[in-house]
>>> print(open('coords.cif').read())   # mmCIF, C-alpha atoms; chains and numbers go by the auth columns
data_structure
loop_
_atom_site.group_PDB
_atom_site.id
_atom_site.type_symbol
_atom_site.label_atom_id
_atom_site.label_comp_id
_atom_site.label_asym_id
_atom_site.label_seq_id
_atom_site.Cartn_x
_atom_site.Cartn_y
_atom_site.Cartn_z
_atom_site.B_iso_or_equiv
_atom_site.auth_seq_id
_atom_site.auth_asym_id
ATOM 1 C CA MET A 1 27.309 7.708 21.586 0.00 1 A
ATOM 2 C CA SER A 2 27.449 8.499 17.853 0.00 2 A
ATOM 3 C CA CYS A 3 25.201 8.501 14.806 0.00 3 A
ATOM 4 C CA PRO A 4 24.084 4.935 13.884 0.00 4 A
ATOM 5 C CA ARG A 5 24.298 5.737 10.168 0.00 5 A
ATOM 6 C CA CYS A 6 27.547 7.682 9.714 0.00 6 A
ATOM 7 C CA GLN A 7 29.210 7.190 13.136 0.00 7 A
ATOM 8 C CA HIS A 8 29.707 10.965 13.432 0.00 8 A
ATOM 9 C CA PRO A 9 30.024 12.064 17.098 0.00 9 A
ATOM 10 C CA HIS A 10 28.179 15.398 16.736 0.00 10 A
ATOM 11 C CA PHE A 11 24.415 15.215 17.292 0.00 11 A
ATOM 12 C CA VAL A 12 21.687 17.194 19.057 0.00 12 A
ATOM 13 C CA LYS A 13 18.518 16.332 20.928 0.00 13 A
ATOM 14 C CA ASN A 14 15.510 16.542 18.626 0.00 14 A
ATOM 15 C CA GLY A 15 12.339 16.221 20.705 0.00 15 A
ATOM 16 C CA PHE A 16 10.438 13.195 21.950 0.00 16 A
ATOM 17 C CA ILE A 17 8.446 10.479 20.233 0.00 17 A
ATOM 18 C CA ASN A 18 6.361 8.039 22.299 0.00 18 A
ATOM 19 C CA GLU A 19 8.023 9.452 25.412 0.00 19 A
ATOM 20 C CA LYS A 20 11.503 8.546 24.099 0.00 20 A
ATOM 21 C CA GLN A 21 14.274 11.029 23.364 0.00 21 A
ATOM 22 C CA ARG A 22 15.067 11.580 19.683 0.00 22 A
ATOM 23 C CA TYR A 23 18.427 12.656 18.339 0.00 23 A
ATOM 24 C CA LYS A 24 19.529 14.232 15.060 0.00 24 A
ATOM 25 C CA CYS A 25 22.973 13.946 13.502 0.00 25 A
ATOM 26 C CA LYS A 26 24.520 17.275 12.533 0.00 26 A
ATOM 27 C CA HIS A 27 26.533 15.621 9.774 0.00 27 A
ATOM 28 C CA CYS A 28 23.996 13.474 7.852 0.00 28 A
ATOM 29 C CA ARG A 29 20.745 14.727 9.479 0.00 29 A
ATOM 30 C CA TYR A 30 19.699 11.196 10.393 0.00 30 A
ATOM 31 C CA GLN A 31 17.144 10.970 13.235 0.00 31 A
ATOM 32 C CA TRP A 32 17.014 8.114 15.732 0.00 32 A
ATOM 33 C CA THR A 33 15.939 7.092 19.223 0.00 33 A
ATOM 34 C CA THR A 34 18.219 5.353 21.683 0.00 34 A
ATOM 35 C CA GLU A 35 15.724 2.692 22.741 0.00 35 A
ATOM 36 C CA LYS A 36 14.509 0.245 20.150 0.00 36 A
ATOM 37 C CA THR A 37 11.035 -1.173 20.503 0.00 37 A
ATOM 38 C CA HIS A 38 10.822 -4.956 20.455 0.00 38 A
ATOM 39 C CA ARG A 39 7.783 -5.796 18.364 0.00 39 A
ATOM 40 C CA ASP A 40 8.657 -9.291 17.188 0.00 40 A
ATOM 41 C CA ARG A 41 6.734 -12.248 18.579 0.00 41 A
ATOM 42 C CA PRO A 42 8.288 -15.565 19.702 0.00 42 A
ATOM 43 C CA LEU A 43 8.633 -18.288 17.091 0.00 43 A
ATOM 44 C CA ALA A 44 6.403 -20.599 19.152 0.00 44 A
ATOM 45 C CA GLU A 45 3.555 -18.097 18.897 0.00 45 A
ATOM 46 C CA LYS A 46 3.958 -17.844 15.114 0.00 46 A
ATOM 47 C CA ALA A 47 4.027 -21.632 14.822 0.00 47 A
ATOM 48 C CA LEU A 48 0.869 -21.842 16.941 0.00 48 A
ATOM 49 C CA ALA A 49 -0.862 -19.389 14.592 0.00 49 A
ATOM 50 C CA VAL A 50 0.075 -21.493 11.547 0.00 50 A
ATOM 51 C CA PHE A 51 -0.994 -24.688 13.344 0.00 51 A
ATOM 52 C CA LEU A 52 -4.388 -23.238 14.253 0.00 52 A
ATOM 53 C CA TYR A 53 -4.889 -21.945 10.702 0.00 53 A
ATOM 54 C CA CYS A 54 -4.074 -25.370 9.239 0.00 54 A
ATOM 55 C CA HIS A 55 -6.690 -26.903 11.538 0.00 55 A
ATOM 56 C CA GLY A 56 -9.445 -24.654 10.229 0.00 56 A
ATOM 57 C CA LEU A 57 -9.494 -21.674 12.576 0.00 57 A
ATOM 58 C CA SER A 58 -10.024 -18.350 10.819 0.00 58 A
ATOM 59 C CA MET A 59 -7.342 -15.666 10.785 0.00 59 A
ATOM 60 C CA ASN A 60 -9.640 -13.283 12.668 0.00 60 A
ATOM 61 C CA ALA A 61 -10.164 -15.835 15.450 0.00 61 A
ATOM 62 C CA ILE A 62 -6.419 -16.509 15.673 0.00 62 A
ATOM 63 C CA ALA A 63 -5.748 -12.770 15.794 0.00 63 A
ATOM 64 C CA LYS A 64 -8.147 -12.375 18.721 0.00 64 A
ATOM 65 C CA ILE A 65 -6.587 -15.292 20.595 0.00 65 A
ATOM 66 C CA LEU A 66 -2.996 -14.078 20.113 0.00 66 A
ATOM 67 C CA HIS A 67 -3.770 -10.338 20.415 0.00 67 A
ATOM 68 C CA ALA A 68 -2.354 -9.563 16.974 0.00 68 A
ATOM 69 C CA SER A 69 -3.833 -8.096 13.820 0.00 69 A
ATOM 70 C CA PRO A 70 -5.251 -10.383 11.107 0.00 70 A
ATOM 71 C CA SER A 71 -2.763 -8.944 8.608 0.00 71 A
ATOM 72 C CA THR A 72 0.083 -10.021 10.905 0.00 72 A
ATOM 73 C CA ILE A 73 -1.343 -13.543 11.094 0.00 73 A
ATOM 74 C CA LEU A 74 -1.615 -13.617 7.295 0.00 74 A
ATOM 75 C CA GLU A 75 2.007 -12.484 7.015 0.00 75 A
ATOM 76 C CA TRP A 76 3.130 -15.318 9.345 0.00 76 A
ATOM 77 C CA ILE A 77 1.174 -17.896 7.344 0.00 77 A
ATOM 78 C CA ARG A 78 2.545 -16.664 4.014 0.00 78 A
ATOM 79 C CA HIS A 79 6.093 -16.627 5.379 0.00 79 A
ATOM 80 C CA PHE A 80 5.690 -20.204 6.645 0.00 80 A
ATOM 81 C CA GLY A 81 4.242 -21.309 3.292 0.00 81 A
ATOM 82 C CA ALA A 82 7.058 -19.673 1.330 0.00 82 A
ATOM 83 C CA GLU A 83 9.677 -21.453 3.457 0.00 83 A
ATOM 84 C CA HIS A 84 8.138 -24.918 3.739 0.00 84 A
ATOM 85 C CA ALA A 85 5.757 -25.547 0.838 0.00 85 A
ATOM 86 C CA GLN A 86 6.817 -26.189 -2.714 0.00 86 A
ATOM 87 C CA PRO A 87 4.715 -24.660 -5.470 0.00 87 A
ATOM 88 C CA PRO A 88 2.736 -27.254 -7.449 0.00 88 A
ATOM 89 C CA GLU A 89 3.977 -28.165 -10.885 0.00 89 A
ATOM 90 C CA PRO A 90 1.505 -28.051 -13.759 0.00 90 A
ATOM 91 C CA GLN A 91 0.290 -31.565 -14.604 0.00 91 A
ATOM 92 C CA ALA A 92 -1.274 -30.972 -18.003 0.00 92 A
ATOM 93 C CA THR A 93 -1.189 -28.414 -20.753 0.00 93 A
ATOM 94 C CA ALA A 94 -4.123 -26.136 -21.345 0.00 94 A
ATOM 95 C CA VAL A 95 -5.862 -26.154 -24.719 0.00 95 A
ATOM 96 C CA ALA A 96 -7.491 -22.954 -25.928 0.00 96 A
ATOM 97 C CA LEU A 97 -10.279 -23.199 -28.484 0.00 97 A
ATOM 98 C CA GLU A 98 -11.763 -20.313 -30.413 0.00 98 A
ATOM 99 C CA LEU A 99 -15.332 -20.788 -31.502 0.00 99 A
ATOM 100 C CA ASP A 100 -16.648 -18.998 -34.510 0.00 100 A
ATOM 101 C CA GLU A 101 -20.109 -17.475 -34.362 0.00 101 A
ATOM 102 C CA MET A 102 -20.754 -17.976 -38.065 0.00 102 A
ATOM 103 C CA TRP A 103 -23.014 -20.996 -37.391 0.00 103 A
ATOM 104 C CA HIS A 104 -25.385 -18.737 -35.481 0.00 104 A
ATOM 105 C CA TYR A 105 -25.509 -16.282 -38.389 0.00 105 A
ATOM 106 C CA LEU A 106 -26.156 -19.033 -40.946 0.00 106 A
ATOM 107 C CA LYS A 107 -28.909 -20.674 -38.902 0.00 107 A
ATOM 108 C CA LYS A 108 -30.648 -17.356 -38.470 0.00 108 A
ATOM 109 C CA ASN A 109 -30.551 -16.385 -42.155 0.00 109 A
ATOM 110 C CA ARG A 110 -31.438 -19.751 -43.705 0.00 110 A
ATOM 111 C CA GLY A 111 -34.445 -20.389 -41.552 0.00 111 A
ATOM 112 C CA PHE A 112 -33.064 -23.335 -39.607 0.00 112 A
ATOM 113 C CA SER A 113 -34.741 -23.857 -36.270 0.00 113 A
ATOM 114 C CA ALA A 114 -32.635 -23.583 -33.141 0.00 114 A
ATOM 115 C CA ASN A 115 -34.130 -26.751 -31.627 0.00 115 A
#
>>> encode(input="coords.cif", output="structure tokens")
Amino acid sequence: MSCPRCQHPHFVKNGFINEKQRYKCKHCRYQWTTEKTHRDRPLAEKALAVFLYCHGLSMNAIAKILHASPSTILEWIRHFGAEHAQPPEPQATAVALELDEMWHYLKKNRGFSAN
């Protein structure tokens, strides 16, 4: 076994984290554990989350069904949208108008009625 970062063979044990042995490289001081945790979900489960969201189920309800956090469900939906949906193109140009308030001042000073 060697350091995953620098491939140096000299390392020492450096305590435990989540009941897993940690190691520390003497050369680059990188810390690592030998066992990697698998946290990723299957693609079918992510697709199910997107499908349920597209059919009107809330992210909180999907999170409860799939035993995931709502922020994870949101991340899956955004990732799916970024891969498969094209952003809409603007169809018309916007026109900005600036209105002057001088008419209000003139009406007030000349005695014109507002109605």
>>> closest_residue(input="coords.cif", among="A:Ala61, A:Ala47, A:Asn14, A:Ala92", to="Ile77 in chain A", atoms="all atoms listed in the file")
A:Ala47
>>> resolve_selection(input="coords.cif", expression="the PyMOL selection byres ((chain A and resi 50) around 12)", output="mmCIF file with C-alpha atoms, in the coordinates of the input")
data_model
loop_
_atom_site.group_PDB
_atom_site.id
_atom_site.type_symbol
_atom_site.label_atom_id
_atom_site.label_comp_id
_atom_site.auth_asym_id
_atom_site.auth_seq_id
_atom_site.Cartn_x
_atom_site.Cartn_y
_atom_site.Cartn_z
ATOM 1 C CA LEU A 43 8.633 -18.288 17.091
ATOM 2 C CA ALA A 44 6.403 -20.599 19.152
ATOM 3 C CA GLU A 45 3.555 -18.097 18.897
ATOM 4 C CA LYS A 46 3.958 -17.844 15.114
ATOM 5 C CA ALA A 47 4.027 -21.632 14.822
ATOM 6 C CA LEU A 48 0.869 -21.842 16.941
ATOM 7 C CA ALA A 49 -0.862 -19.389 14.592
ATOM 8 C CA PHE A 51 -0.994 -24.688 13.344
ATOM 9 C CA LEU A 52 -4.388 -23.238 14.253
ATOM 10 C CA TYR A 53 -4.889 -21.945 10.702
ATOM 11 C CA CYS A 54 -4.074 -25.370 9.239
ATOM 12 C CA HIS A 55 -6.690 -26.903 11.538
ATOM 13 C CA GLY A 56 -9.445 -24.654 10.229
ATOM 14 C CA LEU A 57 -9.494 -21.674 12.576
ATOM 15 C CA SER A 58 -10.024 -18.350 10.819
ATOM 16 C CA MET A 59 -7.342 -15.666 10.785
ATOM 17 C CA ILE A 62 -6.419 -16.509 15.673
ATOM 18 C CA ALA A 63 -5.748 -12.770 15.794
ATOM 19 C CA LEU A 66 -2.996 -14.078 20.113
ATOM 20 C CA THR A 72 0.083 -10.021 10.905
ATOM 21 C CA ILE A 73 -1.343 -13.543 11.094
ATOM 22 C CA LEU A 74 -1.615 -13.617 7.295
ATOM 23 C CA GLU A 75 2.007 -12.484 7.015
ATOM 24 C CA TRP A 76 3.130 -15.318 9.345
ATOM 25 C CA ILE A 77 1.174 -17.896 7.344
ATOM 26 C CA ARG A 78 2.545 -16.664 4.014
ATOM 27 C CA HIS A 79 6.093 -16.627 5.379
ATOM 28 C CA PHE A 80 5.690 -20.204 6.645
ATOM 29 C CA GLY A 81 4.242 -21.309 3.292
ATOM 30 C CA HIS A 84 8.138 -24.918 3.739
#
>>> resolve_selection(input="coords.cif", expression="the PyMOL selection byres ((chain A and resi 29) around 12)", output="ChimeraX atom specification")
/A:3-8,10-14,23-28,30-32
>>> axis_aligned_box(input="coords.cif", around="range 69-85 of chain A", padding_each_side="5 Å", output="lines of an AutoDock Vina configuration file")
center_x = 2.2
center_y = -16.8
center_z = 7.3
size_x = 24.9
size_y = 27.5
size_z = 23.0
>>> atom_distance(input="coords.cif", atom1="CA of Asn60 in chain A", atom2="CA of Arg39 in chain A")
19.8 Å
>>> atom_distance(input="coords.cif", atom1="CA of Ile65 in chain A", atom2="CA of Ala82 in chain A")
24.0 Å
>>> atom_distance(input="coords.cif", atom1="CA of Met1 in chain A", atom2="CA of Thr34 in chain A")
9.4 Å
>>> closest_residue(input="coords.cif", among="A:Thr33, A:Glu83, A:Ser69, A:Pro42", to="Ser2 in chain A", atoms="all atoms listed in the file")
A:Thr33
>>> closest_residue(input="coords.cif", among="A:Pro88, A:Asp40, A:Lys20, A:Ala94", to="Ala68 in chain A", atoms="only C-alpha atoms")
A:Asp40
>>> build_atoms(input="coords.cif", residues="range 59-85 of chain A", atoms="N, CA and C atoms", output="mmCIF file, in the frame of the given file")
data_model
loop_
_atom_site.group_PDB
_atom_site.id
_atom_site.type_symbol
_atom_site.label_atom_id
_atom_site.label_comp_id
_atom_site.auth_asym_id
_atom_site.auth_seq_id
_atom_site.Cartn_x
_atom_site.Cartn_y
_atom_site.Cartn_z
ATOM 1 N N MET A 59 -8.409 -16.605 10.414
ATOM 2 C CA MET A 59 -7.342 -15.666 10.785
ATOM 3 C C MET A 59 -7.838 -14.649 11.804
ATOM 4 N N ASN A 60 -9.095 -14.233 11.700
ATOM 5 C CA ASN A 60 -9.640 -13.283 12.668
ATOM 6 C C ASN A 60 -9.708 -13.901 14.059
ATOM 7 N N ALA A 61 -10.100 -15.165 14.148
ATOM 8 C CA ALA A 61 -10.164 -15.835 15.450
ATOM 9 C C ALA A 61 -8.765 -16.005 16.038
ATOM 10 N N ILE A 62 -7.807 -16.371 15.206
ATOM 11 C CA ILE A 62 -6.419 -16.509 15.673
ATOM 12 C C ILE A 62 -5.882 -15.164 16.143
ATOM 13 N N ALA A 63 -6.208 -14.104 15.417
ATOM 14 C CA ALA A 63 -5.748 -12.770 15.794
ATOM 15 C C ALA A 63 -6.307 -12.362 17.149
ATOM 16 N N LYS A 64 -7.555 -12.695 17.416
ATOM 17 C CA LYS A 64 -8.147 -12.375 18.721
ATOM 18 C C LYS A 64 -7.492 -13.178 19.842
ATOM 19 N N ILE A 65 -7.204 -14.442 19.581
ATOM 20 C CA ILE A 65 -6.587 -15.292 20.595
ATOM 21 C C ILE A 65 -5.181 -14.800 20.938
ATOM 22 N N LEU A 66 -4.401 -14.451 19.916
ATOM 23 C CA LEU A 66 -2.996 -14.078 20.113
ATOM 24 C C LEU A 66 -2.780 -12.577 20.293
ATOM 25 N N HIS A 67 -3.858 -11.805 20.275
ATOM 26 C CA HIS A 67 -3.770 -10.338 20.415
ATOM 27 C C HIS A 67 -2.845 -9.728 19.361
ATOM 28 N N ALA A 68 -3.102 -10.088 18.118
ATOM 29 C CA ALA A 68 -2.354 -9.563 16.974
ATOM 30 C C ALA A 68 -3.370 -9.176 15.907
ATOM 31 N N SER A 69 -2.923 -8.477 14.892
ATOM 32 C CA SER A 69 -3.833 -8.096 13.820
ATOM 33 C C SER A 69 -3.959 -9.247 12.812
ATOM 34 N N PRO A 70 -5.098 -9.325 12.120
ATOM 35 C CA PRO A 70 -5.251 -10.383 11.107
ATOM 36 C C PRO A 70 -4.208 -10.289 9.985
ATOM 37 N N SER A 71 -3.786 -9.074 9.653
ATOM 38 C CA SER A 71 -2.763 -8.944 8.608
ATOM 39 C C SER A 71 -1.425 -9.509 9.070
ATOM 40 N N THR A 72 -1.139 -9.420 10.368
ATOM 41 C CA THR A 72 0.083 -10.021 10.905
ATOM 42 C C THR A 72 -0.003 -11.543 10.832
ATOM 43 N N ILE A 73 -1.152 -12.089 11.171
ATOM 44 C CA ILE A 73 -1.343 -13.543 11.094
ATOM 45 C C ILE A 73 -1.182 -14.012 9.646
ATOM 46 N N LEU A 74 -1.753 -13.275 8.709
ATOM 47 C CA LEU A 74 -1.615 -13.617 7.295
ATOM 48 C C LEU A 74 -0.150 -13.584 6.868
ATOM 49 N N GLU A 75 0.583 -12.591 7.347
ATOM 50 C CA GLU A 75 2.007 -12.484 7.015
ATOM 51 C C GLU A 75 2.771 -13.690 7.555
ATOM 52 N N TRP A 76 2.474 -14.139 8.776
ATOM 53 C CA TRP A 76 3.130 -15.318 9.345
ATOM 54 C C TRP A 76 2.827 -16.561 8.531
ATOM 55 N N ILE A 77 1.574 -16.713 8.111
ATOM 56 C CA ILE A 77 1.174 -17.896 7.344
ATOM 57 C C ILE A 77 1.853 -17.895 5.977
ATOM 58 N N ARG A 78 1.877 -16.753 5.326
ATOM 59 C CA ARG A 78 2.545 -16.664 4.014
ATOM 60 C C ARG A 78 4.041 -16.932 4.130
ATOM 61 N N HIS A 79 4.659 -16.413 5.173
ATOM 62 C CA HIS A 79 6.093 -16.627 5.379
ATOM 63 C C HIS A 79 6.373 -18.114 5.598
ATOM 64 N N PHE A 80 5.538 -18.774 6.408
ATOM 65 C CA PHE A 80 5.690 -20.204 6.645
ATOM 66 C C PHE A 80 5.515 -20.988 5.340
ATOM 67 N N GLY A 81 4.490 -20.616 4.557
ATOM 68 C CA GLY A 81 4.242 -21.309 3.292
ATOM 69 C C GLY A 81 5.373 -21.127 2.297
ATOM 70 N N ALA A 82 5.957 -19.929 2.257
ATOM 71 C CA ALA A 82 7.058 -19.673 1.330
ATOM 72 C C ALA A 82 8.298 -20.483 1.715
ATOM 73 N N GLU A 83 8.503 -20.700 3.008
ATOM 74 C CA GLU A 83 9.677 -21.453 3.457
ATOM 75 C C GLU A 83 9.505 -22.959 3.329
ATOM 76 N N HIS A 84 8.308 -23.476 3.596
ATOM 77 C CA HIS A 84 8.138 -24.918 3.739
ATOM 78 C C HIS A 84 7.367 -25.602 2.618
ATOM 79 N N ALA A 85 6.571 -24.901 1.875
ATOM 80 C CA ALA A 85 5.757 -25.547 0.838
ATOM 81 C C ALA A 85 6.374 -25.307 -0.539
#
